[in-house]
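Below: target.cif (mmCIF, C-alpha atoms and all ligand atoms)
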data_structure
loop_
_atom_site.label_atom_id
_atom_site.label_comp_id
_atom_site.auth_asym_id
_atom_site.auth_seq_id
_atom_site.Cartn_x
_atom_site.Cartn_y
_atom_site.Cartn_z
CA MET Q 47 7.70 93.54 -0.02
CA ALA Q 48 11.13 94.29 1.39
CA PRO Q 49 13.96 92.25 -0.10
CA PRO Q 50 15.22 89.40 2.12
CA ARG Q 51 18.28 90.19 4.25
CA ALA Q 52 19.34 86.71 5.29
CA ALA Q 53 21.97 85.30 2.92
CA LYS Q 54 20.07 82.12 2.16
CA ALA Q 55 16.81 83.87 1.33
CA ARG Q 56 18.64 86.55 -0.65
CA ALA Q 57 20.52 83.88 -2.57
CA ALA Q 58 17.25 82.11 -3.38
CA GLU Q 59 15.87 85.34 -4.81
CA VAL Q 60 19.07 85.93 -6.80
CA VAL Q 61 18.85 82.40 -8.20
CA ALA Q 62 15.19 82.89 -9.16
CA ARG Q 63 15.67 86.28 -10.82
CA LEU Q 64 18.69 85.18 -12.81
CA ALA Q 65 16.82 82.06 -13.93
CA GLN Q 66 14.04 84.25 -15.24
CA ALA Q 67 16.41 86.66 -16.94
CA TYR Q 68 18.66 83.98 -18.44
CA PRO Q 69 16.46 80.96 -18.99
CA GLY Q 70 17.62 77.50 -19.97
CA SER Q 71 19.49 74.56 -18.55
CA ALA Q 72 23.26 74.47 -18.11
CA THR Q 73 23.46 72.54 -21.38
CA GLU Q 74 21.39 75.15 -23.19
CA LEU Q 75 23.21 78.11 -21.68
CA CYS Q 76 26.66 76.83 -22.42
CA ALA Q 77 28.28 78.05 -25.63
CA LEU Q 78 30.94 75.48 -26.45
CA GLU Q 79 29.90 73.24 -29.33
CA HIS Q 80 30.10 69.54 -28.52
CA GLY Q 81 28.36 66.27 -29.14
CA ASP Q 82 29.36 64.23 -26.11
CA PRO Q 83 31.20 64.56 -22.77
CA PHE Q 84 34.59 63.91 -24.38
CA GLN Q 85 34.13 66.69 -26.90
CA LEU Q 86 33.01 69.05 -24.13
CA LEU Q 87 36.09 68.16 -22.13
CA VAL Q 88 38.30 68.90 -25.13
CA ALA Q 89 36.50 72.17 -25.88
CA THR Q 90 36.70 73.29 -22.26
CA ILE Q 91 40.44 72.67 -22.13
CA LEU Q 92 40.80 74.69 -25.33
CA SER Q 93 38.73 77.55 -23.89
CA ALA Q 94 41.47 78.55 -21.44
CA GLN Q 95 42.44 82.13 -22.25
CA CYS Q 96 40.37 81.93 -25.42
CA THR Q 97 36.88 82.87 -26.51
CA ASP Q 98 34.28 80.18 -27.00
CA ALA Q 99 33.68 81.49 -30.49
CA ARG Q 100 37.30 80.81 -31.38
CA VAL Q 101 37.15 77.35 -29.81
CA ASN Q 102 34.02 76.60 -31.82
CA MET Q 103 35.92 77.50 -34.98
CA VAL Q 104 38.62 74.86 -34.45
CA THR Q 105 36.77 71.99 -32.81
CA PRO Q 106 34.86 70.79 -35.92
CA THR Q 107 38.17 70.02 -37.62
CA LEU Q 108 39.64 68.51 -34.47
CA PHE Q 109 36.61 66.32 -33.76
CA HIS Q 110 36.40 65.19 -37.38
CA ARG Q 111 40.07 64.23 -37.44
CA TYR Q 112 40.09 62.55 -34.00
CA ARG Q 113 36.81 60.88 -33.24
CA GLY Q 114 37.39 59.86 -29.65
CA PRO Q 115 39.90 59.46 -26.81
CA ALA Q 116 41.81 56.60 -28.45
CA ALA Q 117 42.36 58.56 -31.65
CA LEU Q 118 43.45 61.71 -29.84
CA ALA Q 119 45.68 59.76 -27.46
CA GLY Q 120 47.63 58.46 -30.42
CA ALA Q 121 47.68 61.70 -32.38
CA ASP Q 122 50.78 63.35 -33.79
CA PRO Q 123 51.26 66.35 -31.46
CA ALA Q 124 52.44 68.55 -34.32
CA GLU Q 125 49.23 67.90 -36.20
CA VAL Q 126 47.07 68.74 -33.19
CA GLU Q 127 49.11 71.88 -32.51
CA GLU Q 128 48.47 73.06 -36.04
CA ILE Q 129 44.72 72.55 -35.74
CA ILE Q 130 44.35 74.33 -32.39
CA ARG Q 131 47.07 76.96 -32.87
CA SER Q 132 44.65 79.91 -33.02
CA THR Q 133 43.29 79.17 -29.53
CA GLY Q 134 46.61 80.20 -27.96
CA PHE Q 135 48.93 78.24 -25.67
CA PHE Q 136 48.61 75.54 -28.29
CA ARG Q 137 51.63 73.48 -27.23
CA ALA Q 138 50.51 73.22 -23.60
CA LYS Q 139 46.93 72.58 -24.68
CA THR Q 140 48.07 69.84 -27.05
CA ARG Q 141 49.98 68.18 -24.20
CA SER Q 142 46.87 68.38 -22.03
CA LEU Q 143 44.58 67.00 -24.74
CA LEU Q 144 46.82 64.05 -25.53
CA GLY Q 145 47.54 63.32 -21.86
CA MET Q 146 43.86 63.63 -20.93
CA SER Q 147 42.93 61.26 -23.74
CA ARG Q 148 45.59 58.75 -22.68
CA GLY Q 149 44.25 58.92 -19.14
CA LEU Q 150 40.74 58.16 -20.35
CA VAL Q 151 41.92 55.20 -22.42
CA GLU Q 152 44.24 53.76 -19.79
CA ARG Q 153 42.21 54.33 -16.63
CA PHE Q 154 38.58 54.92 -17.58
CA ASP Q 155 37.96 52.52 -20.45
CA GLY Q 156 37.87 55.42 -22.90
CA ARG Q 157 34.93 57.13 -21.19
CA VAL Q 158 34.74 60.47 -19.41
CA PRO Q 159 34.07 59.78 -15.73
CA PRO Q 160 31.31 61.82 -14.09
CA ASP Q 161 32.93 62.05 -10.64
CA LEU Q 162 34.86 65.19 -9.83
CA GLU Q 163 37.54 63.23 -7.98
CA ASP Q 164 38.22 61.22 -11.15
CA LEU Q 165 37.98 64.13 -13.58
CA VAL Q 166 40.62 66.18 -11.79
CA THR Q 167 43.15 63.35 -12.14
CA LEU Q 168 43.17 63.91 -15.91
CA ASP Q 169 45.81 66.09 -17.54
CA GLY Q 170 44.67 69.68 -18.01
CA VAL Q 171 41.51 69.21 -15.96
CA GLY Q 172 41.06 71.38 -12.88
CA ARG Q 173 38.10 71.72 -10.62
CA LYS Q 174 36.46 74.37 -12.78
CA THR Q 175 36.68 72.29 -15.97
CA ALA Q 176 35.49 69.23 -14.07
CA ASN Q 177 32.46 71.12 -12.80
CA VAL Q 178 31.64 72.29 -16.32
CA VAL Q 179 31.68 68.71 -17.57
CA ARG Q 180 29.65 67.47 -14.63
CA SER Q 181 26.95 70.11 -14.90
CA VAL Q 182 26.74 70.55 -18.68
CA ALA Q 183 27.48 67.07 -20.04
CA PHE Q 184 26.07 64.95 -17.23
CA GLY Q 185 23.46 67.20 -15.62
CA LEU Q 186 25.10 66.62 -12.23
CA PRO Q 187 25.72 69.21 -9.50
CA GLY Q 188 28.74 71.32 -10.33
CA LEU Q 189 29.38 75.03 -9.90
CA PRO Q 190 32.34 76.26 -11.95
CA VAL Q 191 33.89 79.40 -10.46
CA ASP Q 192 35.67 81.73 -12.83
CA THR Q 193 36.53 85.40 -12.39
CA HIS Q 194 32.98 86.53 -13.22
CA VAL Q 195 31.37 84.09 -10.80
CA GLY Q 196 33.75 85.03 -8.00
CA ARG Q 197 33.31 88.77 -8.59
CA LEU Q 198 29.51 88.65 -8.65
CA ALA Q 199 29.28 86.31 -5.68
CA ARG Q 200 31.37 88.73 -3.64
CA ARG Q 201 29.47 91.80 -4.79
CA LEU Q 202 26.17 90.12 -4.01
CA GLY Q 203 27.37 89.23 -0.53
CA LEU Q 204 27.14 85.49 -1.18
CA THR Q 205 30.76 84.95 -0.20
CA ARG Q 206 33.68 86.87 1.21
CA GLU Q 207 36.23 84.50 -0.21
CA ASP Q 208 38.71 85.09 -3.03
CA ASP Q 209 39.84 81.51 -3.43
CA PRO Q 210 37.68 79.82 -6.11
CA VAL Q 211 37.33 76.58 -4.16
CA ARG Q 212 36.06 78.45 -1.11
CA VAL Q 213 33.73 80.53 -3.27
CA GLU Q 214 32.37 77.30 -4.70
CA GLN Q 215 31.88 75.87 -1.21
CA ASP Q 216 30.03 78.99 -0.05
CA LEU Q 217 27.78 78.98 -3.12
CA ASP Q 218 27.09 75.27 -2.73
CA GLU Q 219 25.62 76.10 0.68
CA LEU Q 220 23.23 78.57 -0.91
CA VAL Q 221 22.32 77.12 -4.32
CA PRO Q 222 20.32 73.90 -4.77
CA PRO Q 223 22.39 71.12 -6.37
CA ASP Q 224 20.37 70.95 -9.57
CA GLU Q 225 20.67 74.73 -10.08
CA ARG Q 226 24.42 75.08 -9.63
CA GLY Q 227 25.67 74.66 -13.19
CA ALA Q 228 23.09 76.98 -14.72
CA PHE Q 229 23.56 79.48 -11.88
CA SER Q 230 27.27 79.71 -12.64
CA LEU Q 231 26.58 80.33 -16.32
CA ARG Q 232 23.93 82.92 -15.49
CA LEU Q 233 26.33 84.79 -13.21
CA ILE Q 234 28.80 84.85 -16.10
CA LEU Q 235 26.16 86.23 -18.46
CA HIS Q 236 25.14 88.84 -15.93
CA GLY Q 237 28.76 89.71 -15.26
CA ARG Q 238 29.39 90.25 -18.92
CA SER Q 239 26.26 92.24 -19.66
CA THR Q 240 25.60 94.22 -16.48
CA CYS Q 241 27.84 93.61 -13.48
CA THR Q 242 31.03 94.23 -15.39
CA ALA Q 243 34.38 94.24 -13.63
CA ARG Q 244 35.21 97.93 -13.86
CA SER Q 245 31.88 99.69 -13.98
CA PRO Q 246 28.82 97.69 -13.02
CA HIS Q 247 25.58 99.05 -14.44
CA CYS Q 248 23.67 98.97 -11.18
CA GLY Q 249 20.91 101.18 -12.56
CA ASP Q 250 20.06 98.49 -15.10
CA CYS Q 251 20.48 95.57 -12.73
CA ILE Q 252 17.64 93.21 -11.87
CA LEU Q 253 19.39 92.45 -8.57
CA VAL Q 254 19.87 96.03 -7.44
CA ASP Q 255 17.52 95.83 -4.45
CA LEU Q 256 19.22 92.63 -3.26
CA CYS Q 257 22.80 93.68 -3.72
CA PRO Q 258 24.92 95.09 -0.89
CA SER Q 259 27.31 96.57 -3.46
CA ALA Q 260 24.66 98.40 -5.46
CA GLY Q 261 25.70 101.90 -6.39
CA ALA Q 262 29.03 101.60 -4.62
CA GLY Q 263 30.40 98.87 -6.81
CA ALA Q 264 32.26 100.84 -9.43
CA VAL Q 265 35.36 101.74 -7.47
CA ALA Q 266 35.67 98.74 -5.20
CA ALA Q 267 34.60 96.35 -7.89
CA GLY Q 268 36.92 98.00 -10.37
CA LYS Q 269 39.84 97.38 -8.09
CA ARG Q 270 38.73 93.82 -7.61
CA GLY Q 271 38.26 93.33 -11.32
CA ARG Q 272 41.65 94.70 -12.19
CA ALA Q 273 43.31 92.62 -9.52
CA ALA Q 274 41.58 89.47 -10.58
CA GLY Q 275 41.62 90.07 -14.31
CA THR Q 276 38.60 89.69 -16.51
CA ALA Q 277 39.45 86.84 -18.81
CA THR Q 278 37.25 83.83 -18.56
CA LYS Q 279 39.24 80.69 -17.89
CA PRO Q 280 38.45 77.11 -18.78
CA GLY Q 281 34.93 76.30 -18.09
CA GLY Q 282 33.25 77.84 -21.04
CA THR Q 283 31.38 81.06 -21.24
CA PRO Q 284 27.67 80.91 -21.74
CA ARG Q 285 25.74 81.84 -24.78
CA ARG Q 286 24.08 85.22 -24.59
CA ALA Q 287 20.57 84.57 -23.42
CA PRO Q 288 17.81 85.37 -25.86
CA GLY Q 289 16.98 89.05 -25.76
CA THR Q 290 19.96 90.06 -23.69
CA ARG Q 291 21.68 93.28 -24.51
CA ALA Q 292 24.95 94.78 -23.53
CA GLY Q 293 24.45 96.68 -20.30
CA GLY Q 294 21.22 95.03 -19.28
CA PRO Q 295 19.30 91.87 -18.64
CA PRO Q 296 17.06 90.27 -21.21
CA LYS Q 297 13.85 92.02 -21.99
CA GLY Q 298 11.15 89.92 -20.39
CA ALA Q 299 11.61 86.26 -19.81
CA ALA Q 300 11.57 84.85 -23.27
CA THR Q 301 12.27 81.16 -23.10
CA ARG Q 302 13.26 80.18 -26.58
CA ARG Q 303 15.04 76.85 -26.18
CA ARG Q 304 18.33 76.61 -27.91
CA SER Q 305 19.47 73.55 -29.72
CA GLY Q 306 21.18 70.98 -27.57
CA ARG Q 307 24.63 72.45 -27.88
CA ALA Q 308 26.50 73.22 -24.75
CA GLY Q 309 29.82 74.21 -23.47
S1 LIG Z 401 23.53 95.95 -8.25
FE1 LIG Z 401 25.46 96.56 -9.26
S2 LIG Z 401 27.10 95.55 -8.11
FE2 LIG Z 401 25.14 94.53 -7.56
S3 LIG Z 401 24.96 92.78 -8.96
FE3 LIG Z 401 23.88 94.47 -9.90
S4 LIG Z 401 25.40 95.49 -11.25
FE4 LIG Z 401 26.53 94.17 -9.79
#

Before we go any further, please render this structure as structure tokens.
Ligand code: SF4
Amino acid sequence: MAPPRAAKARAAEVVARLAQAYPGSATELCALEHGDPFQLLVATILSAQCTDARVNMVTPTLFHRYRGPAALAGADPAEVEEIIRSTGFFRAKTRSLLGMSRGLVERFDGRVPPDLEDLVTLDGVGRKTANVVRSVAFGLPGLPVDTHVGRLARRLGLTREDDPVRVEQDLDELVPPDERGAFSLRLILHGRSTCTARSPHCGDCILVDLCPSAGAGAVAAGKRGRAAGTATKPGGTPRRAPGTRAGGPPKGAATRRRSGRAG
């Protein structure tokens, strides 16, 4: 059967294939260790310009020392800086963590609000971080757009936009609400393993027959990747799906469920 040409039908097929290749919910696919929405919010702020693995190395100490928003709101900044130093930008991140925690205590009764409009009023929390928290911690619709998501969405012809908010709006039109968080994480996994910024491995790609950029992506995509950069910003990168390999999708559709850690 010929692949669908209409954007909506093509998007549905992309969503389905990625779900098969990278199975799991947003919570299961996410890599940042956390035990509750507050810890996820903290970890996501720390993940800016930093690997999730590094964040996961510092958060156990941070979460043990400060067990909730009230404790972190009243923390000694120098002490927090020392704990999170290795994640980079530690002074700015400390300001964000303490300010975010104060905001939760003063305006949200010490709880992380689920609404995007509320989340983005907190220090250090942008739309991408808010969508991570919504989709991963609360299971609500939320489609974080980072450089991988934007790049793949453009290559796949799902958007023509560069602005992350507009990319998110375009994808929201094409992806069912309950799929958005996991879809974002799957695009990131696919972007890291196969549709890389500089030289996409179209020959190994499960989306090759659906993709308008197939085979021509290396040069154009390379320019795009260099212009946009390849670092993953706050929002958390996903775990590698079971069976995935560098340069290709997972073998088969193994569905081993990971423990309830997210990111
Ligand atoms: S076919 Fe190539 S450009 Fe298209 S999504 Fe796959 S790897 Fe990326």

Q: Residues within 10 Å of ligand LIG 401 (chain Z) should be enumerated using all atoms listed in the file and returned as a PyMOL selection string.
A: chain Q and resi 60+197-203+233+236-237+239-243+245-264+266-267+293-294

For this session: Tell me, as a PyMOL selection string, which residues lie within 9 Å of Glu127 (chain Q), counting all atoms listed in the file; anything in the same chain fewer than 6 positions away does not count.
Result: chain Q and resi 136-137+139-140

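Going from CA of Leu231 (chain Q) over to CA of Thr167 (chain Q), you cover 24.1 Å.
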
Distance query 6 Å from (34.8, 77.4, -28.1) using all atoms listed in the file, result as a PyMOL selection string: chain Q and resi 78+89+93+98-102

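Nearest-residue note for Ala119 (chain Q): choosing from Q:Arg212, Q:Arg180, Q:Arg148, Q:Arg63, the minimum distance belongs to Q:Arg148, counting all atoms listed in the file.
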
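One finds CA of Gly134 (chain Q) at 18.6 Å from CA of Ala77 (chain Q).
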
Which residues, written as a count of residues only, have at least one atom at most 12 Å from Met103 (chain Q), with all atoms listed in the file counted and residues fewer than 3 positions away on the same chain left out?
20

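Between CA of Leu87 (chain Q) and CA of Leu143 (chain Q) there is a distance of 9.0 Å.
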
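Taking only C-alpha atoms into account, Asp122 (chain Q) lies nearest to Q:Leu144 out of the set Q:Leu144, Q:Glu214, Q:Arg244, Q:Leu235.
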
Check your understanding: Got a sec: who's within 9 Å of region 182-192 of chain Q, counting only C-alpha atoms, leaving out chain neighbours fewer than 5 positions off, as a ChimeraX atom specification?
Key -> /Q:71-76,82-84,86-87,160,162,173-177,197,210-211,213-214,217-218,222-231,234,277-281,308-309

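Using only C-alpha atoms, the shortest contact distance between His194 (chain Q) and any of Q:Gly145, Q:Arg232, Q:Leu165, Q:Val178 is found at Q:Arg232.
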